[in-house]
$ cat model10.cif   # mmCIF, C-alpha atoms
data_start
#
loop_
_atom_site.label_atom_id
_atom_site.label_comp_id
_atom_site.auth_asym_id
_atom_site.auth_seq_id
_atom_site.Cartn_x
_atom_site.Cartn_y
_atom_site.Cartn_z
CA MET A 1 -40.92 3.41 -2.73
CA LYS A 2 -42.71 0.32 -1.48
CA ARG A 3 -45.25 -0.42 1.17
CA LEU A 4 -46.38 -3.54 3.01
CA ARG A 5 -49.93 -4.68 2.64
CA LEU A 6 -51.48 -7.37 4.80
CA ASP A 7 -54.42 -9.53 3.78
CA PRO A 8 -56.12 -10.02 7.16
CA ILE A 9 -58.30 -12.84 5.80
CA ALA A 10 -55.27 -14.89 4.76
CA CYS A 11 -53.26 -14.06 7.91
CA ASP A 12 -53.31 -16.72 10.62
CA GLY A 13 -51.12 -14.89 13.08
CA HIS A 14 -47.99 -17.04 12.85
CA GLY A 15 -46.01 -13.92 13.71
CA LEU A 16 -42.81 -14.69 11.76
CA CYS A 17 -43.09 -11.37 9.95
CA ALA A 18 -42.82 -9.40 13.18
CA GLU A 19 -39.66 -11.30 14.15
CA LEU A 20 -38.05 -10.71 10.77
CA PHE A 21 -39.09 -7.10 10.35
CA PRO A 22 -39.70 -5.56 13.79
CA GLU A 23 -39.05 -2.06 12.41
CA GLY A 24 -42.29 -2.23 10.42
CA ILE A 25 -44.40 -4.94 12.05
CA THR A 26 -45.51 -5.41 15.64
CA LEU A 27 -47.94 -7.92 17.09
CA ASP A 28 -51.22 -7.12 18.78
CA ASP A 29 -52.37 -8.69 22.06
CA TRP A 30 -53.63 -11.76 20.19
CA GLY A 31 -50.47 -12.32 18.13
CA TYR A 32 -51.68 -10.81 14.86
CA PRO A 33 -49.40 -8.42 12.98
CA ILE A 34 -49.94 -4.67 13.00
CA VAL A 35 -48.31 -3.44 9.81
CA ASP A 36 -46.89 0.04 9.76
CA GLY A 37 -48.08 1.36 6.40
CA SER A 38 -45.27 3.82 5.83
CA ASP A 39 -42.89 3.84 2.86
CA ILE A 40 -40.06 1.35 2.91
CA SER A 41 -36.78 1.87 1.09
CA GLY A 42 -33.13 0.89 1.00
CA LYS A 43 -31.89 -1.53 3.61
CA LEU A 44 -35.31 -2.01 5.18
CA GLU A 45 -36.70 -3.26 1.89
CA ARG A 46 -34.55 -6.38 2.15
CA GLN A 47 -35.92 -7.13 5.60
CA ALA A 48 -39.46 -6.51 4.44
CA LYS A 49 -38.93 -8.93 1.57
CA ARG A 50 -37.71 -11.59 3.99
CA ALA A 51 -40.83 -11.10 6.11
CA VAL A 52 -43.02 -11.46 3.01
CA ALA A 53 -41.21 -14.61 1.92
CA ALA A 54 -41.45 -16.17 5.38
CA CYS A 55 -45.24 -15.84 5.71
CA PRO A 56 -46.68 -19.39 5.68
CA THR A 57 -50.07 -18.20 4.43
CA ARG A 58 -48.77 -15.63 1.90
CA ALA A 59 -50.77 -12.92 3.60
CA LEU A 60 -48.09 -10.25 3.37
CA HIS A 61 -47.30 -8.33 0.20
CA LEU A 62 -44.75 -5.70 -0.70
CA GLU A 63 -46.32 -3.33 -3.19
CA ALA A 64 -45.36 -0.14 -4.96
CA ALA A 65 -46.52 2.76 -2.80
CA GLU A 66 -49.36 4.66 -4.43
CA ARG A 67 -48.61 8.28 -4.99
CA MET B 1 -93.46 19.19 10.72
CA SER B 2 -90.78 21.81 11.09
CA ALA B 3 -91.09 25.48 10.31
CA ALA B 4 -88.64 25.24 7.41
CA ALA B 5 -90.81 22.75 5.54
CA VAL B 6 -93.86 25.00 5.89
CA GLU B 7 -92.05 28.10 4.64
CA THR B 8 -90.75 26.40 1.51
CA GLY B 9 -94.06 24.74 0.86
CA TRP B 10 -92.65 21.20 0.70
CA ALA B 11 -94.41 19.15 3.25
CA LEU B 12 -93.07 15.95 4.65
CA PRO B 13 -93.23 13.11 4.07
CA ARG B 14 -91.53 12.71 0.74
CA LEU B 15 -90.51 9.07 0.42
CA LEU B 16 -93.38 7.90 2.56
CA THR B 17 -96.01 9.90 0.65
CA GLY B 18 -99.27 8.01 0.16
CA ILE B 19 -98.13 4.77 1.79
CA ARG B 20 -100.67 2.35 3.21
CA SER B 21 -99.95 0.27 6.26
CA ASP B 22 -101.23 -3.03 4.91
CA ARG B 23 -99.65 -3.43 1.46
CA ALA B 24 -97.38 -1.94 -1.17
CA LEU B 25 -98.48 0.82 -3.51
CA THR B 26 -99.23 -0.65 -6.92
CA LEU B 27 -97.53 0.84 -9.96
CA ALA B 28 -100.74 2.71 -10.82
CA GLU B 29 -101.01 4.13 -7.29
CA HIS B 30 -97.32 4.95 -7.28
CA THR B 31 -97.56 6.86 -10.56
CA ALA B 32 -100.69 8.68 -9.38
CA THR B 33 -98.84 9.69 -6.19
CA PHE B 34 -95.44 10.71 -7.54
CA GLY B 35 -96.06 11.27 -11.24
CA PRO B 36 -94.27 9.34 -13.98
CA LEU B 37 -90.59 8.45 -13.82
CA VAL B 38 -88.46 11.29 -15.20
CA ARG B 39 -85.28 10.20 -16.93
CA ARG B 40 -82.63 12.87 -17.25
CA ARG B 41 -79.28 12.98 -19.01
CA ASP B 42 -77.75 15.08 -16.26
CA LEU B 43 -78.72 12.71 -13.43
CA ILE B 44 -75.25 12.40 -11.89
CA GLU B 45 -74.73 16.16 -11.97
CA THR B 46 -78.20 16.72 -10.49
CA VAL B 47 -77.58 14.23 -7.70
CA ALA B 48 -74.26 15.99 -7.02
CA ARG B 49 -75.97 19.39 -6.81
CA ALA B 50 -78.66 17.92 -4.55
CA GLY B 51 -75.90 16.88 -2.14
CA LEU B 52 -77.29 13.39 -1.62
CA HIS B 53 -75.21 11.07 0.56
CA GLY B 54 -75.67 7.32 0.89
CA ARG B 55 -78.13 6.19 3.54
CA GLY B 56 -76.71 2.75 4.26
CA GLY B 57 -74.40 3.95 7.02
CA ALA B 58 -71.23 5.26 5.39
CA ALA B 59 -72.80 8.48 4.03
CA PHE B 60 -70.58 8.48 0.93
CA PRO B 61 -71.53 11.14 -1.67
CA THR B 62 -73.83 9.30 -4.09
CA ALA B 63 -72.77 11.21 -7.22
CA ARG B 64 -69.10 10.40 -6.60
CA LYS B 65 -69.91 6.71 -6.42
CA LEU B 66 -71.88 6.95 -9.68
CA SER B 67 -69.01 8.74 -11.42
CA ALA B 68 -66.49 6.19 -10.16
CA VAL B 69 -68.51 3.38 -11.77
CA VAL B 70 -68.90 5.30 -15.04
CA GLU B 71 -65.13 5.64 -15.31
CA GLN B 72 -64.65 1.87 -15.26
CA ARG B 73 -64.60 -0.27 -18.39
CA GLY B 74 -67.30 -2.79 -19.12
CA GLU B 75 -71.00 -2.90 -18.40
CA PRO B 76 -71.74 -2.37 -14.72
CA VAL B 77 -74.48 -3.96 -12.62
CA VAL B 78 -76.65 -2.02 -10.19
CA VAL B 79 -77.03 -3.66 -6.78
CA VAL B 80 -79.82 -2.38 -4.57
CA ASN B 81 -78.84 -3.06 -0.99
CA ALA B 82 -81.96 -3.74 1.03
CA ALA B 83 -80.38 -6.52 3.13
CA GLU B 84 -80.58 -4.29 6.20
CA GLY B 85 -78.59 -6.46 8.60
CA GLU B 86 -78.63 -3.76 11.28
CA PRO B 87 -80.95 -5.15 13.98
CA ALA B 88 -82.36 -1.78 15.06
CA SER B 89 -83.04 -0.66 11.48
CA SER B 90 -86.27 -1.34 9.62
CA LYS B 91 -86.47 1.55 7.12
CA ASP B 92 -85.17 -0.26 4.02
CA ARG B 93 -87.50 -3.18 4.55
CA ALA B 94 -90.35 -0.69 5.06
CA LEU B 95 -89.56 0.99 1.73
CA ILE B 96 -89.46 -2.32 -0.13
CA ARG B 97 -92.64 -3.54 1.55
CA LEU B 98 -94.69 -0.36 1.20
CA THR B 99 -93.33 1.67 -1.71
CA PRO B 100 -91.13 -0.64 -3.79
CA HIS B 101 -91.60 1.27 -7.04
CA LEU B 102 -89.85 4.32 -5.59
CA VAL B 103 -86.74 2.23 -4.94
CA LEU B 104 -87.02 0.55 -8.34
CA ASP B 105 -87.43 3.96 -10.06
CA GLY B 106 -84.20 5.13 -8.44
CA ALA B 107 -82.47 1.92 -9.51
CA ALA B 108 -83.71 2.41 -13.09
CA LEU B 109 -82.41 5.99 -13.13
CA VAL B 110 -78.93 5.14 -11.90
CA ALA B 111 -78.80 2.15 -14.27
CA ASP B 112 -79.47 4.58 -17.15
CA ALA B 113 -76.90 7.03 -15.86
CA ILE B 114 -74.07 4.50 -15.61
CA GLY B 115 -75.01 2.37 -18.62
CA ALA B 116 -76.13 -0.68 -16.66
CA LYS B 117 -78.69 -3.09 -18.09
CA HIS B 118 -79.13 -5.26 -15.02
CA VAL B 119 -80.35 -4.47 -11.54
CA VAL B 120 -80.13 -6.92 -8.65
CA VAL B 121 -82.20 -6.15 -5.56
CA VAL B 122 -80.73 -7.86 -2.51
CA ILE B 123 -82.88 -8.61 0.52
CA ALA B 124 -82.41 -10.88 3.53
CA GLU B 125 -83.51 -14.51 3.18
CA ASN B 126 -86.02 -14.13 5.99
CA ALA B 127 -87.62 -10.97 4.57
CA ARG B 128 -90.70 -12.74 3.24
CA PRO B 129 -93.20 -9.85 3.07
CA GLU B 130 -90.53 -7.79 1.29
CA HIS B 131 -89.86 -10.61 -1.18
CA HIS B 132 -93.57 -10.80 -1.91
CA ALA B 133 -93.94 -7.02 -2.39
CA LEU B 134 -90.86 -6.87 -4.59
CA ALA B 135 -91.89 -9.80 -6.78
CA GLN B 136 -95.33 -8.23 -7.19
CA ALA B 137 -93.82 -4.85 -8.12
CA LEU B 138 -91.44 -6.41 -10.65
CA ARG B 139 -94.36 -8.09 -12.39
CA GLU B 140 -95.86 -4.63 -12.92
CA ARG B 141 -92.87 -3.06 -14.66
CA ARG B 142 -90.34 -3.67 -17.39
CA GLY B 143 -86.60 -3.85 -17.08
CA ALA B 144 -84.00 -6.45 -16.22
CA PHE B 145 -84.50 -6.62 -12.46
CA GLU B 146 -83.84 -9.65 -10.36
CA ILE B 147 -84.14 -10.46 -6.67
CA ALA B 148 -81.25 -12.03 -4.77
CA THR B 149 -81.21 -13.05 -1.13
CA VAL B 150 -78.46 -13.19 1.46
CA PRO B 151 -78.52 -14.90 4.86
CA ALA B 152 -79.99 -12.58 7.48
CA GLY B 153 -77.18 -11.13 9.55
CA PHE B 154 -75.15 -8.07 10.18
CA VAL B 155 -72.19 -8.68 7.89
CA SER B 156 -74.22 -10.01 4.93
CA GLY B 157 -75.25 -6.43 4.14
CA GLU B 158 -71.64 -5.28 3.75
CA GLU B 159 -71.17 -4.38 0.11
CA THR B 160 -68.43 -6.84 -0.78
CA ALA B 161 -70.37 -9.60 1.00
CA LEU B 162 -73.38 -8.81 -1.20
CA ILE B 163 -71.26 -9.13 -4.31
CA GLN B 164 -69.87 -12.45 -3.15
CA ALA B 165 -73.45 -13.69 -2.70
CA ILE B 166 -74.49 -12.42 -6.13
CA GLU B 167 -71.54 -14.26 -7.66
CA GLY B 168 -72.58 -17.47 -5.91
CA ARG B 169 -70.10 -17.52 -3.05
CA PRO B 170 -70.70 -17.31 0.72
CA ALA B 171 -71.85 -13.80 1.73
CA LYS B 172 -68.63 -12.77 3.48
CA PRO B 173 -66.64 -9.57 3.02
CA THR B 174 -63.55 -9.51 0.82
CA LEU B 175 -60.44 -7.38 0.99
CA LYS B 176 -60.66 -3.92 -0.62
CA PRO B 177 -59.25 -3.01 -3.10
CA PRO B 178 -60.69 -4.14 -5.39
CA TYR B 179 -63.62 -1.92 -4.46
CA PRO B 180 -67.08 -2.89 -5.72
CA PHE B 181 -66.93 -0.19 -8.43
CA GLU B 182 -63.66 -1.68 -9.68
CA ARG B 183 -65.45 -5.02 -9.99
CA GLY B 184 -68.21 -3.42 -12.05
CA TYR B 185 -70.85 -3.03 -9.35
CA LEU B 186 -72.71 0.02 -8.18
CA VAL B 187 -73.98 -0.85 -4.70
CA GLN B 188 -76.56 1.60 -3.38
CA ASN B 189 -78.74 1.47 -0.33
CA ALA B 190 -82.49 1.20 -1.00
CA GLU B 191 -83.32 4.53 0.66
CA THR B 192 -80.61 6.33 -1.29
CA LEU B 193 -82.24 5.16 -4.52
CA ALA B 194 -85.69 6.25 -3.36
CA HIS B 195 -84.26 9.76 -2.94
CA VAL B 196 -82.73 9.54 -6.43
CA ALA B 197 -86.19 8.70 -7.82
CA LEU B 198 -87.56 11.98 -6.45
CA ILE B 199 -84.48 14.03 -7.35
CA GLY B 200 -84.99 12.76 -10.92
CA ARG B 201 -88.56 14.04 -10.87
CA HIS B 202 -88.13 17.33 -9.02
CA GLY B 203 -84.46 18.30 -9.27
CA ALA B 204 -81.68 19.37 -6.94
CA GLN B 205 -83.25 22.59 -5.68
CA TRP B 206 -86.36 20.74 -4.63
CA PHE B 207 -84.28 18.19 -2.72
CA ARG B 208 -82.46 21.01 -0.94
CA SER B 209 -85.69 22.78 0.00
CA ALA B 210 -85.89 20.43 2.98
CA GLY B 211 -83.12 20.26 5.53
CA THR B 212 -80.30 22.78 5.80
CA HIS B 213 -77.58 23.95 3.43
CA GLU B 214 -75.03 21.66 5.08
CA ALA B 215 -77.46 18.78 5.59
CA PRO B 216 -79.95 18.88 2.73
CA GLY B 217 -83.01 16.72 2.22
CA THR B 218 -84.93 14.26 4.30
CA ALA B 219 -84.01 10.90 5.78
CA LEU B 220 -85.76 7.87 7.14
CA ILE B 221 -85.12 6.91 10.71
CA SER B 222 -85.92 3.74 12.64
CA LEU B 223 -86.94 4.99 16.07
CA SER B 224 -87.15 2.53 18.96
CA GLY B 225 -86.61 2.11 22.70
CA ALA B 226 -88.26 4.32 25.30
CA VAL B 227 -90.21 6.49 22.84
CA ALA B 228 -93.87 7.29 22.39
CA GLN B 229 -93.95 6.51 18.66
CA PRO B 230 -91.55 3.73 17.69
CA GLY B 231 -91.28 2.92 14.01
CA VAL B 232 -90.03 4.32 10.72
CA HIS B 233 -90.34 8.07 10.32
CA GLU B 234 -89.16 10.58 7.74
CA ILE B 235 -87.37 13.63 9.11
CA GLU B 236 -85.68 16.73 7.76
CA LEU B 237 -81.92 16.64 8.10
CA GLY B 238 -80.16 19.39 10.02
CA ALA B 239 -82.44 19.28 13.05
CA THR B 240 -81.02 18.30 16.43
CA LEU B 241 -81.54 14.84 17.87
CA ALA B 242 -83.53 16.30 20.78
CA ASP B 243 -85.86 18.22 18.46
CA VAL B 244 -86.44 15.23 16.21
CA VAL B 245 -87.34 12.96 19.13
CA ALA B 246 -89.59 15.64 20.63
CA SER B 247 -91.35 16.23 17.30
CA LEU B 248 -92.14 12.51 17.10
CA GLY B 249 -93.95 12.42 20.45
CA GLY B 250 -90.90 12.34 22.71
CA THR B 251 -89.81 9.72 25.18
CA ASN B 252 -92.17 7.77 27.41
CA GLU B 253 -89.88 7.51 30.44
CA PRO B 254 -86.65 9.17 31.62
CA VAL B 255 -83.89 8.54 29.08
CA SER B 256 -80.15 8.67 29.82
CA ALA B 257 -78.83 8.39 26.29
CA PHE B 258 -79.53 7.60 22.67
CA LEU B 259 -77.84 5.07 20.46
CA VAL B 260 -77.49 6.92 17.16
CA ALA B 261 -76.77 5.56 13.65
CA GLY B 262 -76.92 1.89 14.62
CA PHE B 263 -74.87 -0.82 16.27
CA PHE B 264 -71.91 0.73 14.45
CA GLY B 265 -72.95 4.14 15.70
CA ARG B 266 -72.35 5.86 18.97
CA TRP B 267 -73.87 6.77 22.29
CA VAL B 268 -75.10 10.32 22.69
CA THR B 269 -76.15 11.39 26.18
CA ALA B 270 -79.58 12.93 26.69
CA ARG B 271 -77.81 16.20 27.49
CA ASP B 272 -75.81 16.15 24.24
CA ALA B 273 -78.93 15.34 22.22
CA ALA B 274 -79.80 19.04 22.21
CA SER B 275 -76.60 19.88 20.35
CA LEU B 276 -76.22 16.89 18.03
CA GLU B 277 -77.23 17.90 14.53
CA LEU B 278 -78.57 15.00 12.49
CA THR B 279 -76.80 14.85 9.14
CA ALA B 280 -76.29 11.99 6.68
CA SER B 281 -73.04 11.22 8.54
CA THR B 282 -74.26 11.43 12.12
CA LEU B 283 -77.44 9.50 11.28
CA GLY B 284 -75.59 6.70 9.50
CA ALA B 285 -78.12 3.96 8.82
CA GLY B 286 -80.83 6.08 10.46
CA VAL B 287 -81.15 4.25 13.76
CA ILE B 288 -82.19 6.08 16.93
CA VAL B 289 -82.71 4.02 20.11
CA ALA B 290 -83.73 5.79 23.32
CA HIS B 291 -82.06 4.11 26.30
CA PRO B 292 -84.07 4.25 29.54
CA ALA B 293 -82.30 5.82 32.53
CA ARG B 294 -83.25 2.86 34.74
CA ALA B 295 -81.10 0.45 32.68
CA CYS B 296 -77.30 0.21 32.79
CA PRO B 297 -75.78 1.57 29.58
CA ILE B 298 -72.61 -0.51 30.02
CA ALA B 299 -74.61 -3.72 30.26
CA GLU B 300 -76.45 -2.65 27.10
CA THR B 301 -73.17 -1.84 25.34
CA ALA B 302 -71.86 -5.27 26.38
CA ARG B 303 -74.98 -6.90 24.98
CA ILE B 304 -74.61 -5.10 21.63
CA ALA B 305 -70.87 -5.82 21.51
CA ARG B 306 -71.57 -9.51 22.23
CA TYR B 307 -73.99 -9.51 19.31
CA LEU B 308 -71.47 -7.81 17.00
CA ALA B 309 -68.70 -10.20 18.03
CA GLY B 310 -71.03 -13.08 17.17
CA GLU B 311 -71.78 -11.49 13.80
CA SER B 312 -68.13 -11.38 12.76
CA ALA B 313 -67.63 -13.28 9.53
CA GLY B 314 -64.80 -15.00 11.37
CA GLN B 315 -62.23 -14.34 8.67
CA CYS B 316 -59.80 -11.93 10.35
CA GLY B 317 -57.95 -12.60 13.62
CA PRO B 318 -58.19 -9.09 15.12
CA CYS B 319 -61.97 -9.12 14.60
CA VAL B 320 -62.48 -12.62 16.00
CA TYR B 321 -60.19 -12.34 19.02
CA GLY B 322 -60.26 -8.58 19.52
CA LEU B 323 -64.04 -8.21 19.64
CA ASP B 324 -64.26 -11.20 21.97
CA ALA B 325 -61.73 -9.62 24.32
CA ILE B 326 -63.59 -6.30 24.21
CA VAL B 327 -66.85 -8.05 25.11
CA GLY B 328 -65.11 -9.80 28.01
CA ALA B 329 -63.86 -6.50 29.41
CA LEU B 330 -67.29 -4.87 29.06
CA GLU B 331 -69.02 -7.79 30.75
CA SER B 332 -66.51 -7.77 33.55
CA LEU B 333 -67.19 -4.07 34.06
CA ALA B 334 -70.97 -4.54 33.95
CA ARG B 335 -70.72 -7.41 36.49
CA ARG B 336 -68.24 -5.51 38.67
CA ASP B 337 -66.09 -8.61 38.93
CA SER B 338 -62.44 -8.69 40.01
CA ASP B 339 -61.21 -7.60 36.55
CA ALA B 340 -63.51 -4.57 36.44
CA PRO B 341 -60.83 -2.10 37.60
CA LEU B 342 -58.67 -3.11 34.61
CA ALA B 343 -61.50 -2.88 32.10
CA VAL B 344 -61.18 0.76 31.10
CA SER B 345 -57.50 0.61 30.20
CA ARG B 346 -58.08 -2.67 28.36
CA LEU B 347 -61.01 -1.25 26.43
CA GLU B 348 -59.03 1.84 25.45
CA ARG B 349 -56.14 -0.31 24.26
CA TRP B 350 -58.18 -2.93 22.44
CA THR B 351 -60.65 -0.60 20.73
CA ALA B 352 -57.62 1.21 19.32
CA GLN B 353 -55.90 -2.05 18.34
CA VAL B 354 -58.71 -3.55 16.29
CA ARG B 355 -59.41 -0.48 14.17
CA GLY B 356 -58.53 -0.84 10.51
CA ARG B 357 -57.41 -4.43 11.06
CA GLY B 358 -60.14 -6.37 9.28
CA ALA B 359 -60.91 -6.85 5.59
CA CYS B 360 -64.13 -4.91 6.21
CA ARG B 361 -65.04 -2.27 8.77
CA HIS B 362 -66.80 -4.63 11.16
CA PRO B 363 -64.16 -4.34 13.92
CA ASP B 364 -63.97 -0.56 13.41
CA GLY B 365 -67.71 -0.13 13.83
CA ALA B 366 -67.84 -2.24 16.98
CA ALA B 367 -64.82 -0.42 18.43
CA ARG B 368 -66.37 2.97 17.67
CA LEU B 369 -69.53 2.08 19.56
CA VAL B 370 -67.59 0.82 22.58
CA ALA B 371 -65.25 3.83 22.58
CA SER B 372 -68.30 6.11 22.50
CA ALA B 373 -69.62 4.39 25.64
CA LEU B 374 -66.33 5.20 27.40
CA ASP B 375 -66.80 8.86 26.43
CA ALA B 376 -70.51 9.08 27.17
CA PHE B 377 -70.73 7.35 30.55
CA PRO B 378 -67.62 8.25 32.59
CA ALA B 379 -69.47 8.48 35.92
CA GLU B 380 -71.23 5.14 35.41
CA ILE B 381 -67.95 3.50 34.41
CA ALA B 382 -66.08 4.98 37.40
CA ARG B 383 -68.77 3.57 39.71
CA LEU B 384 -68.57 0.10 38.13
CA ALA B 385 -64.78 0.04 38.10
CA ARG B 386 -64.42 1.01 41.78
CA ARG B 387 -63.26 -1.81 44.01
#
$ encode --input "model10.cif" --output "structure tokens"
Amino acid sequence: MKRLRLDPIACDGHGLCAELFPEGITLDDWGYPIVDGSDISGKLERQAKRAVAACPTRALHLEAAER
Amino acid sequence: MSAAAVETGWALPRLLTGIRSDRALTLAEHTATFGPLVRRRDLIETVARAGLHGRGGAAFPTARKLSAVVEQRGEPVVVVNAAEGEPASSKDRALIRLTPHLVLDGAALVADAIGAKHVVVVIAENARPEHHALAQALRERRGAFEIATVPAGFVSGEETALIQAIEGRPAKPTLKPPYPFERGYLVQNAETLAHVALIGRHGAQWFRSAGTHEAPGTALISLSGAVAQPGVHEIELGATLADVVASLGGTNEPVSAFLVAGFFGRWVTARDAASLELTASTLGAGVIVAHPARACPIAETARIARYLAGESAGQCGPCVYGLDAIVGALESLARRDSDAPLAVSRLERWTAQVRGRGACRHPDGAARLVASALDAFPAEIARLARR
């Protein structure tokens, strides 16, 4: 199981992640991502990886979910 | 003094015993007042049995923090947090200025307990009398203590910001994890350590002989606003807010509400003050401000929120833009301008949106205070929002 983790200091609110992975990321009223911290598996993991790769400031990370 | 303290024979004050108003107790006076420092092998266990919680705002169990540092590899560093960025708080500065050896004793005890050889005492850059008292006190005792300063300001006192400053970087919060204990630092509030100094001397049972079973011990409060005796006072935990204020001379004009714990705290109406029990959690950083009934609490909340928005380290978008938007909505409500009718729904939405969205808890604290205003002053808000 994996989980998304956002570094809010690095994030500049480009918003690409929310376009690429709307199932797990929405934007707030100022365009900054709200990351759903739930476990990600299977097909969604591919989408999450694309969102991570697309982030221009490398603020988004896919990490092993802590038990 | 409350009845409980009389029955058990332990009079207050504890931390403020023997203080003078004009200068710090010297080491000789300190030792004459409190007795010599007692080092004990079972310090962490004793602090756990005492039920001491941190007095910097978060009220984390002190013994758990100590144990977490012990479990890490390497030699840890003790950081005494006396930066006190909270504008309505003055208790930590008072301790450093008037009874610095009590804080330093506590720091020495926890350093022993976790195997630390170095202690860094952090104060605000502009805290000159405190710097003087501390430097004087350090000349009187042995041990590897040093003084570090951070820019005065709300966020500088946040624990990761302190560590950044100690390591020579700008005093701004960093993302957690890694937590300070994982980086080899034990960060403890100055008052917390002063309590440890006395728990070391007198033990857990003594500590618990003040306060209640659920809220043991004493705490320092910074009392201000419409009160007869503003200033730093020591109180027994477990009493209600109303009783504490009354025991300290009461209010000096009609009061509609109290700001409790600090700018990250919450509004408690004068009516609810009779049922609010003051514990380490509800007291937070120990701030109590009595708000006069003649002044608008929403305008005051807007003023505090404006301050907090300005104190953002400016690193995280939701904090920068979210707090600014929240301030705008509050000001619009206080002014009764054309956006006032929309303010409540905006404030509910935005205070929820910013929570948990920063590297540190700055947006959460500001949102909590604003949300508490929505709960505490519904009639006032309805009047302001009416077209």
$ interface_residues --input "model10.cif" --of "chain B" --to "chain A" --cutoff "10 Å" --atoms "only C-alpha atoms" --output "list in words"
Pro173, Thr174, Leu175, Lys176, Gly314, Gln315, Cys316, Gly317, Pro318, Cys319, Val320, Tyr321, Gly322, Ala325, Arg349, Trp350, Gln353, Val354, Gly356, Arg357, Gly358, Ala359 and Cys360 of chain B
$ resolve_selection --input "model10.cif" --expression "the PyMOL selection byres ((chain B and resi 281-285) around 7)" --output "ChimeraX atom specification"
/B:55-59,260-262,278-280,286-287
$ resolve_selection --input "model10.cif" --expression "the PyMOL selection byres ((chain B and resi 50) around 12)" --output "VMD selection string"
chain B and resid 43 to 49 51 to 53 61 to 63 195 to 196 198 to 200 202 to 218
$ residues_around --input "model10.cif" --residues "Arg23 of chain B" --least-positions-apart "6" --cutoff "8 Å" --atoms "all atoms listed in the file" --output "number ranges by chain"
B: 97-98, 133
$ closest_residue --input "model10.cif" --among "B:Ala152, B:Ala352, B:Val79, B:Ala376" --to "Ala257 of chain B" --atoms "only C-alpha atoms"
B:Ala376
$ atom_distance --input "model10.cif" --atom1 "atom CA of Leu25 of chain B" --atom2 "atom CA of Leu95 of chain B"
10.3 Å
$ atom_distance --input "model10.cif" --atom1 "atom CA of Thr33 of chain B" --atom2 "atom CA of Asp243 of chain B"
29.1 Å
$ residues_near_point --input "model10.cif" --point "(-93.3, -5.3, -12.8)" --cutoff "12 Å" --atoms "only C-alpha atoms" --output "list in words"
Thr26, Leu27, Ala28, Pro100, His101, Leu104, Asp105, Ala133, Leu134, Ala135, Gln136, Ala137, Leu138, Arg139, Glu140, Arg141, Arg142, Gly143, Ala144, Phe145 and Glu146 of chain B
$ resolve_selection --input "model10.cif" --expression "the PyMOL selection byres ((chain A and resi 1) around 7)" --output "tab-separated table (two decimals) with C-alpha atoms, keeping the file's coordinate frame"
chain	number	residue	atom	x	y	z
A	2	LYS	CA	-42.71	0.32	-1.48
A	3	ARG	CA	-45.25	-0.42	1.17
A	39	ASP	CA	-42.89	3.84	2.86
A	40	ILE	CA	-40.06	1.35	2.91
A	41	SER	CA	-36.78	1.87	1.09
A	64	ALA	CA	-45.36	-0.14	-4.96
A	65	ALA	CA	-46.52	2.76	-2.80
$ atom_distance --input "model10.cif" --atom1 "atom CA of Lys91 of chain B" --atom2 "atom CA of Ala239 of chain B"
19.1 Å
$ axis_aligned_box --input "model10.cif" --around "segment 332-336 of chain B" --padding-each-side "4 Å" --output "JSON"
{"center_x": -68.7, "center_y": -5.9, "center_z": 36.1, "size_x": 12.5, "size_y": 11.7, "size_z": 13.1}
$ closest_residue --input "model10.cif" --among "B:Glu300, B:Asp92, B:Glu167, B:Glu130" --to "Ala190 of chain B" --atoms "all atoms listed in the file"
B:Asp92
$ residues_around --input "model10.cif" --residues "segment 334-340 of chain B" --least-positions-apart "2" --cutoff "7 Å" --atoms "all atoms listed in the file" --output "mmCIF file with C-alpha atoms, in the coordinates of the input"
data_model
loop_
_atom_site.group_PDB
_atom_site.id
_atom_site.type_symbol
_atom_site.label_atom_id
_atom_site.label_comp_id
_atom_site.auth_asym_id
_atom_site.auth_seq_id
_atom_site.Cartn_x
_atom_site.Cartn_y
_atom_site.Cartn_z
ATOM 1 C CA ILE B 298 -72.610 -0.510 30.020
ATOM 2 C CA ALA B 299 -74.610 -3.720 30.260
ATOM 3 C CA LEU B 330 -67.290 -4.870 29.060
ATOM 4 C CA GLU B 331 -69.020 -7.790 30.750
ATOM 5 C CA SER B 332 -66.510 -7.770 33.550
ATOM 6 C CA LEU B 342 -58.670 -3.110 34.610
ATOM 7 C CA ALA B 343 -61.500 -2.880 32.100
ATOM 8 C CA LEU B 384 -68.570 0.100 38.130
ATOM 9 C CA ALA B 385 -64.780 0.040 38.100
#
$ residues_around --input "model10.cif" --residues "Ser222 of chain B" --least-positions-apart "5" --cutoff "8 Å" --atoms "all atoms listed in the file" --output "list in words"
Ala88, Ser89, Ser90, Lys91, Pro230, Gly231, Val232, His233, Gly286, Val287 and Ile288 of chain B
$ closest_residue --input "model10.cif" --among "B:Pro151, B:Gly238, B:Pro36, B:Gly328" --to "Ala309 of chain B" --atoms "all atoms listed in the file"
B:Gly328
$ residues_around --input "model10.cif" --residues "Gly24 of chain A" --least-positions-apart "4" --cutoff "9 Å" --atoms "only C-alpha atoms" --output "number ranges by chain"
A: 4, 18, 34-38, 40, 44, 48
